[in-house]
file work.cif (mmCIF, C-alpha atoms and all ligand atoms)
data_query
#
loop_
_atom_site.label_atom_id
_atom_site.label_comp_id
_atom_site.auth_asym_id
_atom_site.auth_seq_id
_atom_site.Cartn_x
_atom_site.Cartn_y
_atom_site.Cartn_z
CA MET A 27 151.74 -31.24 86.21
CA VAL A 28 152.97 -27.83 87.39
CA ASP A 29 154.55 -27.74 90.85
CA GLU A 30 153.97 -24.98 93.37
CA LYS A 31 157.35 -23.35 92.82
CA THR A 32 156.76 -23.08 89.06
CA MET A 33 153.25 -21.70 89.70
CA THR A 34 154.59 -19.02 92.03
CA LYS A 35 157.28 -18.14 89.51
CA LYS A 36 154.71 -17.96 86.68
CA ASN A 37 152.36 -15.80 88.70
CA ASN A 38 155.21 -13.53 89.63
CA ASP A 39 156.24 -13.26 85.97
CA GLN A 40 152.72 -12.26 84.98
CA LYS A 41 152.13 -9.75 87.74
CA THR A 42 155.45 -8.00 87.93
CA PRO A 43 156.61 -5.19 85.76
CA LEU A 44 160.19 -5.78 86.97
CA ARG A 45 162.27 -7.59 84.34
CA ILE A 46 165.85 -7.64 85.49
CA ALA A 47 168.85 -7.99 83.19
CA ILE A 48 171.93 -8.97 85.16
CA LEU A 49 175.35 -8.00 83.78
CA GLY A 50 178.45 -9.62 85.24
CA SER A 51 182.00 -10.62 84.39
CA GLY A 52 182.77 -13.20 87.06
CA LYS A 53 181.49 -15.89 89.37
CA GLY A 54 178.03 -14.38 89.76
CA SER A 55 177.23 -15.01 93.43
CA ASN A 56 175.10 -11.83 93.46
CA CYS A 57 173.30 -13.01 90.35
CA GLN A 58 172.59 -16.29 92.16
CA CYS A 59 171.13 -14.52 95.19
CA ILE A 60 168.77 -12.53 92.95
CA ILE A 61 167.63 -15.70 91.16
CA ASP A 62 167.15 -17.44 94.53
CA ALA A 63 165.16 -14.54 95.98
CA ILE A 64 162.80 -14.69 92.99
CA GLU A 65 162.45 -18.47 93.12
CA ASN A 66 161.79 -18.36 96.89
CA GLY A 67 159.04 -15.81 96.40
CA MET A 68 161.01 -13.10 98.26
CA LEU A 69 161.29 -10.83 95.24
CA ASN A 70 158.44 -10.16 92.84
CA ALA A 71 160.39 -9.99 89.60
CA SER A 72 161.83 -12.07 86.80
CA VAL A 73 165.33 -12.29 85.37
CA ALA A 74 164.96 -11.39 81.70
CA CYS A 75 168.53 -12.32 80.79
CA VAL A 76 172.11 -12.51 82.01
CA LEU A 77 174.79 -10.89 79.85
CA SER A 78 178.54 -11.14 80.25
CA ASP A 79 181.56 -9.60 78.55
CA ILE A 80 183.54 -12.76 79.40
CA GLU A 81 182.68 -15.76 77.24
CA ASP A 82 183.29 -18.45 79.89
CA ALA A 83 182.21 -16.49 82.98
CA PHE A 84 180.53 -18.73 85.57
CA ILE A 85 177.66 -16.22 85.85
CA LEU A 86 176.43 -17.41 82.42
CA GLU A 87 176.45 -21.03 83.56
CA ARG A 88 174.45 -20.16 86.68
CA ALA A 89 171.78 -18.49 84.54
CA ARG A 90 171.54 -21.41 82.10
CA LYS A 91 171.07 -23.84 85.00
CA HIS A 92 167.90 -21.91 85.84
CA GLY A 93 166.67 -21.73 82.24
CA ILE A 94 167.46 -18.02 82.01
CA PRO A 95 168.70 -16.69 78.64
CA ALA A 96 172.45 -16.08 78.98
CA GLU A 97 174.62 -14.40 76.36
CA TYR A 98 178.20 -13.37 75.90
CA VAL A 99 178.28 -9.85 74.46
CA SER A 100 181.77 -8.61 73.61
CA GLY A 101 183.04 -5.33 75.03
CA ALA A 102 185.89 -5.11 72.47
CA PRO A 103 187.86 -3.15 71.48
CA PHE A 104 187.81 -1.54 74.93
CA LYS A 105 188.89 -3.31 78.11
CA THR A 106 187.33 -1.25 80.89
CA LYS A 107 184.25 0.42 79.40
CA ILE A 108 181.22 -0.21 77.20
CA GLU A 109 181.13 2.24 74.32
CA GLY A 110 180.64 2.41 70.55
CA GLU A 111 179.61 -0.77 68.76
CA ALA A 112 179.75 -2.83 71.97
CA GLU A 113 177.39 -0.36 73.65
CA GLN A 114 174.94 -0.71 70.75
CA ASN A 115 175.14 -4.51 71.03
CA TYR A 116 174.35 -4.35 74.76
CA ILE A 117 171.41 -2.01 74.15
CA LYS A 118 170.11 -4.33 71.42
CA ALA A 119 170.33 -7.41 73.68
CA LEU A 120 168.69 -5.62 76.62
CA ARG A 121 165.81 -4.50 74.39
CA LYS A 122 165.49 -7.96 72.83
CA TYR A 123 164.85 -9.42 76.30
CA ASN A 124 162.59 -6.52 77.23
CA ALA A 125 164.57 -5.70 80.38
CA ASN A 126 163.41 -2.71 82.38
CA ILE A 127 166.04 -2.81 85.14
CA ILE A 128 169.72 -3.54 84.64
CA ALA A 129 171.55 -4.91 87.67
CA LEU A 130 175.33 -4.78 87.45
CA ALA A 131 176.77 -7.61 89.51
CA GLY A 132 180.54 -7.69 89.27
CA PHE A 133 180.47 -6.21 85.74
CA MET A 134 184.04 -4.99 85.27
CA ARG A 135 183.36 -2.17 82.82
CA ILE A 136 182.31 1.46 83.12
CA ILE A 137 178.84 2.23 81.76
CA LYS A 138 178.91 5.22 79.40
CA LYS A 139 176.43 7.78 78.09
CA GLY A 140 174.69 5.63 75.44
CA LEU A 141 173.54 2.95 77.90
CA LEU A 142 172.70 5.50 80.59
CA GLU A 143 170.51 7.41 78.14
CA ALA A 144 168.87 4.25 76.77
CA PHE A 145 167.87 3.19 80.34
CA PRO A 146 167.60 6.40 82.40
CA ASN A 147 167.45 5.71 86.17
CA ARG A 148 167.18 2.01 85.37
CA ILE A 149 170.74 0.83 85.98
CA VAL A 150 171.83 -0.25 89.46
CA ASN A 151 175.13 -1.53 90.83
CA ILE A 152 176.45 -3.21 93.95
CA HIS A 153 179.66 -1.82 95.39
CA PRO A 154 181.73 -3.34 98.22
CA SER A 155 182.00 -0.28 100.49
CA LEU A 156 179.79 2.18 102.31
CA LEU A 157 179.74 4.79 99.56
CA PRO A 158 180.74 7.57 99.19
CA ALA A 159 183.79 6.03 100.93
CA PHE A 160 186.15 3.96 98.78
CA PRO A 161 184.75 4.16 95.25
CA GLY A 162 186.59 2.34 92.46
CA MET A 163 188.49 -0.91 92.55
CA GLU A 164 189.16 -3.32 95.45
CA SER A 165 187.35 -1.24 98.04
CA TRP A 166 187.81 -3.87 100.73
CA LYS A 167 191.61 -3.37 100.37
CA GLN A 168 191.14 0.39 100.58
CA ALA A 169 189.15 -0.13 103.80
CA LEU A 170 191.96 -2.21 105.33
CA ASP A 171 194.64 0.28 104.23
CA HIS A 172 192.74 3.12 105.93
CA GLY A 173 192.18 1.09 109.09
CA VAL A 174 188.42 1.74 109.13
CA LYS A 175 186.51 -0.26 111.75
CA ILE A 176 183.26 -0.49 109.83
CA THR A 177 182.77 -0.91 106.12
CA GLY A 178 180.00 -2.56 104.14
CA CYS A 179 178.24 -2.65 100.81
CA THR A 180 176.02 -0.31 98.83
CA VAL A 181 173.42 -0.81 96.12
CA HIS A 182 173.04 2.41 94.15
CA PHE A 183 171.75 3.79 90.87
CA VAL A 184 174.42 4.24 88.23
CA ASP A 185 175.08 7.73 86.91
CA LYS A 186 177.94 9.16 84.89
CA GLY A 187 180.26 9.39 87.90
CA MET A 188 182.35 6.61 89.43
CA ASP A 189 180.09 4.93 92.06
CA THR A 190 178.32 8.23 92.72
CA GLY A 191 174.63 7.54 92.00
CA ARG A 192 171.75 7.71 94.48
CA ILE A 193 171.98 5.11 97.22
CA ILE A 194 169.17 2.54 97.59
CA VAL A 195 170.42 0.14 100.31
CA GLN A 196 173.53 -0.12 102.50
CA ARG A 197 174.61 -2.85 104.91
CA ALA A 198 177.44 -2.48 107.41
CA VAL A 199 180.25 -4.99 107.98
CA PRO A 200 182.64 -4.67 110.95
CA VAL A 201 186.34 -4.96 110.15
CA LEU A 202 187.94 -7.54 112.47
CA ARG A 203 191.45 -7.25 113.88
CA ASN A 204 192.86 -10.17 111.88
CA ASP A 205 190.96 -9.54 108.67
CA THR A 206 192.74 -10.04 105.36
CA ALA A 207 191.40 -8.72 102.06
CA GLU A 208 189.98 -12.20 101.44
CA THR A 209 188.21 -12.71 104.79
CA LEU A 210 186.78 -9.19 104.74
CA HIS A 211 185.54 -9.53 101.17
CA ALA A 212 183.95 -12.90 101.98
CA ARG A 213 181.97 -11.39 104.89
CA MET A 214 181.00 -8.44 102.70
CA GLN A 215 179.60 -10.78 100.10
CA THR A 216 177.30 -12.34 102.70
CA GLU A 217 175.82 -8.88 103.25
CA GLU A 218 175.74 -8.13 99.51
CA HIS A 219 173.55 -11.18 99.05
CA LYS A 220 170.98 -9.66 101.41
CA ALA A 221 171.36 -6.09 100.10
CA TYR A 222 170.80 -6.76 96.38
CA PRO A 223 167.42 -8.52 96.65
CA GLU A 224 166.35 -5.91 99.22
CA ALA A 225 167.20 -3.03 96.86
CA LEU A 226 165.43 -4.70 93.94
CA ARG A 227 162.41 -5.29 96.17
CA ILE A 228 162.28 -1.56 96.92
CA ILE A 229 162.44 -0.76 93.19
CA ALA A 230 159.79 -3.40 92.39
CA GLU A 231 157.45 -1.96 95.00
CA GLN A 232 157.94 1.54 93.64
CA MET A 233 157.17 0.34 90.12
CA GLU A 234 154.05 -1.52 91.25
CA SER A 235 152.62 1.45 93.19
C1 LIG B 301 181.03 -8.07 94.40
O1 LIG B 301 181.84 -8.06 95.54
C2 LIG B 301 180.57 -6.68 94.06
O2 LIG B 301 180.48 -5.83 95.15
C3 LIG B 301 181.63 -6.18 93.12
O3 LIG B 301 182.03 -7.32 92.38
C4 LIG B 301 181.80 -8.50 93.16
C5 LIG B 301 181.02 -9.47 92.30
O4 LIG B 301 180.89 -10.72 92.91
N1 LIG B 301 181.10 -5.11 92.31
P1 LIG B 301 179.97 -11.86 92.27
O5 LIG B 301 180.47 -12.11 90.84
O6 LIG B 301 178.56 -11.40 92.30
O7 LIG B 301 180.21 -13.05 93.13
#

call {"tool": "encode", "arguments": {"input": "work.cif", "output": "structure tokens"}}
result
Amino acid sequence: MVDEKTMTKKNNDQKTPLRIAILGSGKGSNCQCIIDAIENGMLNASVACVLSDIEDAFILERARKHGIPAEYVSGAPFKTKIEGEAEQNYIKALRKYNANIIALAGFMRIIKKGLLEAFPNRIVNIHPSLLPAFPGMESWKQALDHGVKITGCTVHFVDKGMDTGRIIVQRAVPVLRNDTAETLHARMQTEEHKAYPEALRIIAEQMES
């Protein structure tokens, strides 16, 4: 007996050319919102695999709960980038799962030439600011330090620069008078969870047309 949800998921899997690999290092709330959007029929795609450079990252657990292949792939010997043997291992895993879009979701490493060339214009990232403002780390803190009144989040293609690739979706978040880094980041994440499925939907539609 196949229930309606499984049917919808199966049909989506057969129809869609979009096979998303999600790469993350942390709690994976953006990964969850992508999985949910697919399961709710809001995004015509499938999650091919979830990969993490942190062995016990919660993002891997989330994937396994949904029956999605989830693997730890080491980034060693580097701490902040994927290069050399680690890069080859990531490329191998992504090809094994036949991924055609790579969604970085809190993946704490810089993507270098080898991965960019293996998946040209196929790697996207979510960043917690309205790029090109506040690239790099802890952008919500940068926003507070500058006293900006509006910030937000951006889903963009990854290129060889730091958070410089072509923008796909942005959502604004007002900065409130009493905001701390934590409260601001929490409200940003609410918007991120709308922005990521929306951006992937745009990519899926482009690939289907
Ligand atoms: C998000 O805020 C994202 O913008 C940044 O890393 C965070 C990941 O959060 N790149 P989660 O692991 O998806 O909850």

call {"tool": "residues_near_ligand", "arguments": {"input": "work.cif", "ligand": "ligand LIG 301 (chain B)", "cutoff": "9 Å", "atoms": "all atoms listed in the file", "output": "NGL selection string"}}
result
:A and (50-59 or 84-85 or 130-134 or 151-155 or 163-166 or 179-181 or 211-212 or 214-215 or 218-219)

call {"tool": "write_last_selection", "arguments": {"input": "work.cif", "atoms": "C-alpha atoms", "output": "compact mmCIF listing (two decimals), in the coordinates of the input"}}
result
# COMPACT_ATOMS: atom_id res chain seq x y z
CA GLY A 50 178.45 -9.62 85.24
CA SER A 51 182.00 -10.62 84.39
CA GLY A 52 182.77 -13.20 87.06
CA LYS A 53 181.49 -15.89 89.37
CA GLY A 54 178.03 -14.38 89.76
CA SER A 55 177.23 -15.01 93.43
CA ASN A 56 175.10 -11.83 93.46
CA CYS A 57 173.30 -13.01 90.35
CA GLN A 58 172.59 -16.29 92.16
CA CYS A 59 171.13 -14.52 95.19
CA PHE A 84 180.53 -18.73 85.57
CA ILE A 85 177.66 -16.22 85.85
CA LEU A 130 175.33 -4.78 87.45
CA ALA A 131 176.77 -7.61 89.51
CA GLY A 132 180.54 -7.69 89.27
CA PHE A 133 180.47 -6.21 85.74
CA MET A 134 184.04 -4.99 85.27
CA ASN A 151 175.13 -1.53 90.83
CA ILE A 152 176.45 -3.21 93.95
CA HIS A 153 179.66 -1.82 95.39
CA PRO A 154 181.73 -3.34 98.22
CA SER A 155 182.00 -0.28 100.49
CA MET A 163 188.49 -0.91 92.55
CA GLU A 164 189.16 -3.32 95.45
CA SER A 165 187.35 -1.24 98.04
CA TRP A 166 187.81 -3.87 100.73
CA CYS A 179 178.24 -2.65 100.81
CA THR A 180 176.02 -0.31 98.83
CA VAL A 181 173.42 -0.81 96.12
CA HIS A 211 185.54 -9.53 101.17
CA ALA A 212 183.95 -12.90 101.98
CA MET A 214 181.00 -8.44 102.70
CA GLN A 215 179.60 -10.78 100.10
CA GLU A 218 175.74 -8.13 99.51
CA HIS A 219 173.55 -11.18 99.05

call {"tool": "atom_distance", "arguments": {"input": "work.cif", "atom1": "CA of Phe160 in chain A", "atom2": "CA of Gly173 in chain A"}}
result
12.3 Å

call {"tool": "residues_around", "arguments": {"input": "work.cif", "residues": "range 200-208 of chain A", "least_positions_apart": "2", "cutoff": "6 Å", "atoms": "only C-alpha atoms", "output": "PyMOL selection string"}}
result
chain A and resi 167+175-176+210-211

call {"tool": "residues_around", "arguments": {"input": "work.cif", "residues": "Met233 in chain A", "least_positions_apart": "5", "cutoff": "12 Å", "atoms": "all atoms listed in the file", "output": "MDAnalysis selection string"}}
result
chainID A and resid 41:45 70:71 126:127 148 226:228

call {"tool": "residues_around", "arguments": {"input": "work.cif", "residues": "Ile48 in chain A", "least_positions_apart": "6", "cutoff": "6 Å", "atoms": "all atoms listed in the file", "output": "PyMOL selection string"}}
result
chain A and resi 76+128-130

call {"tool": "closest_residue", "arguments": {"input": "work.cif", "among": "A:Ala112, A:Ile193, A:Ile46, A:Ile64", "to": "Pro158 in chain A", "atoms": "all atoms listed in the file"}}
result
A:Ile193

call {"tool": "closest_residue", "arguments": {"input": "work.cif", "among": "A:Pro95, A:Gly140, A:Gly191, A:Pro223", "to": "Gly110 in chain A", "atoms": "all atoms listed in the file"}}
result
A:Gly140

call {"tool": "atom_distance", "arguments": {"input": "work.cif", "atom1": "CA of Gly187 in chain A", "atom2": "CA of Ile136 in chain A"}}
result
9.5 Å

call {"tool": "atom_distance", "arguments": {"input": "work.cif", "atom1": "CA of Arg192 in chain A", "atom2": "CA of Glu224 in chain A"}}
result
15.4 Å

call {"tool": "closest_residue", "arguments": {"input": "work.cif", "among": "A:Leu170, A:Ala230, A:Val99, A:Ala125", "to": "Ala83 in chain A", "atoms": "only C-alpha atoms"}}
result
A:Val99

call {"tool": "closest_residue", "arguments": {"input": "work.cif", "among": "A:Glu234, A:Asp82, A:Glu111, A:Asp189", "to": "Leu156 in chain A", "atoms": "only C-alpha atoms"}}
result
A:Asp189

call {"tool": "residues_around", "arguments": {"input": "work.cif", "residues": "Leu86 in chain A", "least_positions_apart": "3", "cutoff": "8 Å", "atoms": "all atoms listed in the file", "output": "NGL selection string"}}
result
:A and (76-78 or 82-83 or 89-90 or 96-98)

call {"tool": "build_atoms", "arguments": {"input": "work.cif", "residues": "range 191-218 of chain A", "atoms": "N, CA and C atoms", "output": "PDB file, in the frame of the given file"}}
result
ATOM      1  N   GLY A 191     176.095   7.394  92.128  1.00  0.00           N
ATOM      2  CA  GLY A 191     174.630   7.540  92.000  1.00  0.00           C
ATOM      3  C   GLY A 191     173.880   7.391  93.311  1.00  0.00           C
ATOM      4  N   ARG A 192     172.595   7.719  93.284  1.00  0.00           N
ATOM      5  CA  ARG A 192     171.750   7.710  94.480  1.00  0.00           C
ATOM      6  C   ARG A 192     171.729   6.332  95.143  1.00  0.00           C
ATOM      7  N   ILE A 193     171.866   6.365  96.459  1.00  0.00           N
ATOM      8  CA  ILE A 193     171.980   5.110  97.220  1.00  0.00           C
ATOM      9  C   ILE A 193     170.587   4.524  97.511  1.00  0.00           C
ATOM     10  N   ILE A 194     170.461   3.202  97.331  1.00  0.00           N
ATOM     11  CA  ILE A 194     169.170   2.540  97.590  1.00  0.00           C
ATOM     12  C   ILE A 194     169.239   1.754  98.905  1.00  0.00           C
ATOM     13  N   VAL A 195     170.282   0.955  99.087  1.00  0.00           N
ATOM     14  CA  VAL A 195     170.420   0.140 100.310  1.00  0.00           C
ATOM     15  C   VAL A 195     171.902   0.090 100.701  1.00  0.00           C
ATOM     16  N   GLN A 196     172.169   0.135 102.005  1.00  0.00           N
ATOM     17  CA  GLN A 196     173.530  -0.120 102.500  1.00  0.00           C
ATOM     18  C   GLN A 196     173.456  -1.118 103.646  1.00  0.00           C
ATOM     19  N   ARG A 197     174.486  -1.955 103.761  1.00  0.00           N
ATOM     20  CA  ARG A 197     174.610  -2.850 104.910  1.00  0.00           C
ATOM     21  C   ARG A 197     176.029  -2.759 105.454  1.00  0.00           C
ATOM     22  N   ALA A 198     176.136  -2.664 106.773  1.00  0.00           N
ATOM     23  CA  ALA A 198     177.440  -2.480 107.410  1.00  0.00           C
ATOM     24  C   ALA A 198     178.117  -3.822 107.684  1.00  0.00           C
ATOM     25  N   VAL A 199     179.436  -3.810 107.643  1.00  0.00           N
ATOM     26  CA  VAL A 199     180.250  -4.990 107.980  1.00  0.00           C
ATOM     27  C   VAL A 199     181.394  -4.529 108.882  1.00  0.00           C
ATOM     28  N   PRO A 200     181.510  -5.070 110.099  1.00  0.00           N
ATOM     29  CA  PRO A 200     182.640  -4.670 110.950  1.00  0.00           C
ATOM     30  C   PRO A 200     183.954  -5.241 110.416  1.00  0.00           C
ATOM     31  N   VAL A 201     185.013  -4.461 110.545  1.00  0.00           N
ATOM     32  CA  VAL A 201     186.340  -4.960 110.150  1.00  0.00           C
ATOM     33  C   VAL A 201     186.966  -5.581 111.396  1.00  0.00           C
ATOM     34  N   LEU A 202     187.372  -6.847 111.306  1.00  0.00           N
ATOM     35  CA  LEU A 202     187.940  -7.540 112.470  1.00  0.00           C
ATOM     36  C   LEU A 202     189.463  -7.375 112.494  1.00  0.00           C
ATOM     37  N   ARG A 203     190.022  -7.532 113.693  1.00  0.00           N
ATOM     38  CA  ARG A 203     191.450  -7.250 113.880  1.00  0.00           C
ATOM     39  C   ARG A 203     192.347  -8.061 112.932  1.00  0.00           C
ATOM     40  N   ASN A 204     191.991  -9.318 112.713  1.00  0.00           N
ATOM     41  CA  ASN A 204     192.860 -10.170 111.880  1.00  0.00           C
ATOM     42  C   ASN A 204     192.389 -10.292 110.437  1.00  0.00           C
ATOM     43  N   ASP A 205     191.497  -9.417 110.029  1.00  0.00           N
ATOM     44  CA  ASP A 205     190.960  -9.540 108.670  1.00  0.00           C
ATOM     45  C   ASP A 205     192.049  -9.399 107.604  1.00  0.00           C
ATOM     46  N   THR A 206     191.942 -10.234 106.575  1.00  0.00           N
ATOM     47  CA  THR A 206     192.740 -10.040 105.360  1.00  0.00           C
ATOM     48  C   THR A 206     191.753  -9.547 104.301  1.00  0.00           C
ATOM     49  N   ALA A 207     192.293  -9.157 103.148  1.00  0.00           N
ATOM     50  CA  ALA A 207     191.400  -8.720 102.060  1.00  0.00           C
ATOM     51  C   ALA A 207     190.389  -9.827 101.750  1.00  0.00           C
ATOM     52  N   GLU A 208     190.855 -11.073 101.812  1.00  0.00           N
ATOM     53  CA  GLU A 208     189.980 -12.200 101.440  1.00  0.00           C
ATOM     54  C   GLU A 208     188.877 -12.420 102.477  1.00  0.00           C
ATOM     55  N   THR A 209     189.234 -12.426 103.777  1.00  0.00           N
ATOM     56  CA  THR A 209     188.210 -12.710 104.790  1.00  0.00           C
ATOM     57  C   THR A 209     187.190 -11.564 104.848  1.00  0.00           C
ATOM     58  N   LEU A 210     187.701 -10.339 104.700  1.00  0.00           N
ATOM     59  CA  LEU A 210     186.780  -9.190 104.740  1.00  0.00           C
ATOM     60  C   LEU A 210     185.836  -9.226 103.538  1.00  0.00           C
ATOM     61  N   HIS A 211     186.387  -9.501 102.370  1.00  0.00           N
ATOM     62  CA  HIS A 211     185.540  -9.530 101.170  1.00  0.00           C
ATOM     63  C   HIS A 211     184.508 -10.643 101.280  1.00  0.00           C
ATOM     64  N   ALA A 212     184.906 -11.782 101.836  1.00  0.00           N
ATOM     65  CA  ALA A 212     183.950 -12.900 101.980  1.00  0.00           C
ATOM     66  C   ALA A 212     182.786 -12.484 102.883  1.00  0.00           C
ATOM     67  N   ARG A 213     183.081 -11.799 104.012  1.00  0.00           N
ATOM     68  CA  ARG A 213     181.970 -11.390 104.890  1.00  0.00           C
ATOM     69  C   ARG A 213     181.115 -10.305 104.240  1.00  0.00           C
ATOM     70  N   MET A 214     181.764  -9.469 103.423  1.00  0.00           N
ATOM     71  CA  MET A 214     181.000  -8.440 102.700  1.00  0.00           C
ATOM     72  C   MET A 214     180.025  -9.074 101.733  1.00  0.00           C
ATOM     73  N   GLN A 215     180.480 -10.145 101.092  1.00  0.00           N
ATOM     74  CA  GLN A 215     179.600 -10.780 100.100  1.00  0.00           C
ATOM     75  C   GLN A 215     178.350 -11.337 100.757  1.00  0.00           C
ATOM     76  N   THR A 216     178.488 -11.854 101.987  1.00  0.00           N
ATOM     77  CA  THR A 216     177.300 -12.340 102.700  1.00  0.00           C
ATOM     78  C   THR A 216     176.272 -11.223 102.821  1.00  0.00           C
ATOM     79  N   GLU A 217     176.748 -10.018 103.118  1.00  0.00           N
ATOM     80  CA  GLU A 217     175.820  -8.880 103.250  1.00  0.00           C
ATOM     81  C   GLU A 217     175.313  -8.428 101.876  1.00  0.00           C
ATOM     82  N   GLU A 218     176.182  -8.502 100.873  1.00  0.00           N
ATOM     83  CA  GLU A 218     175.740  -8.130  99.510  1.00  0.00           C
ATOM     84  C   GLU A 218     174.556  -8.988  99.090  1.00  0.00           C
TER      85      GLU A 218
END
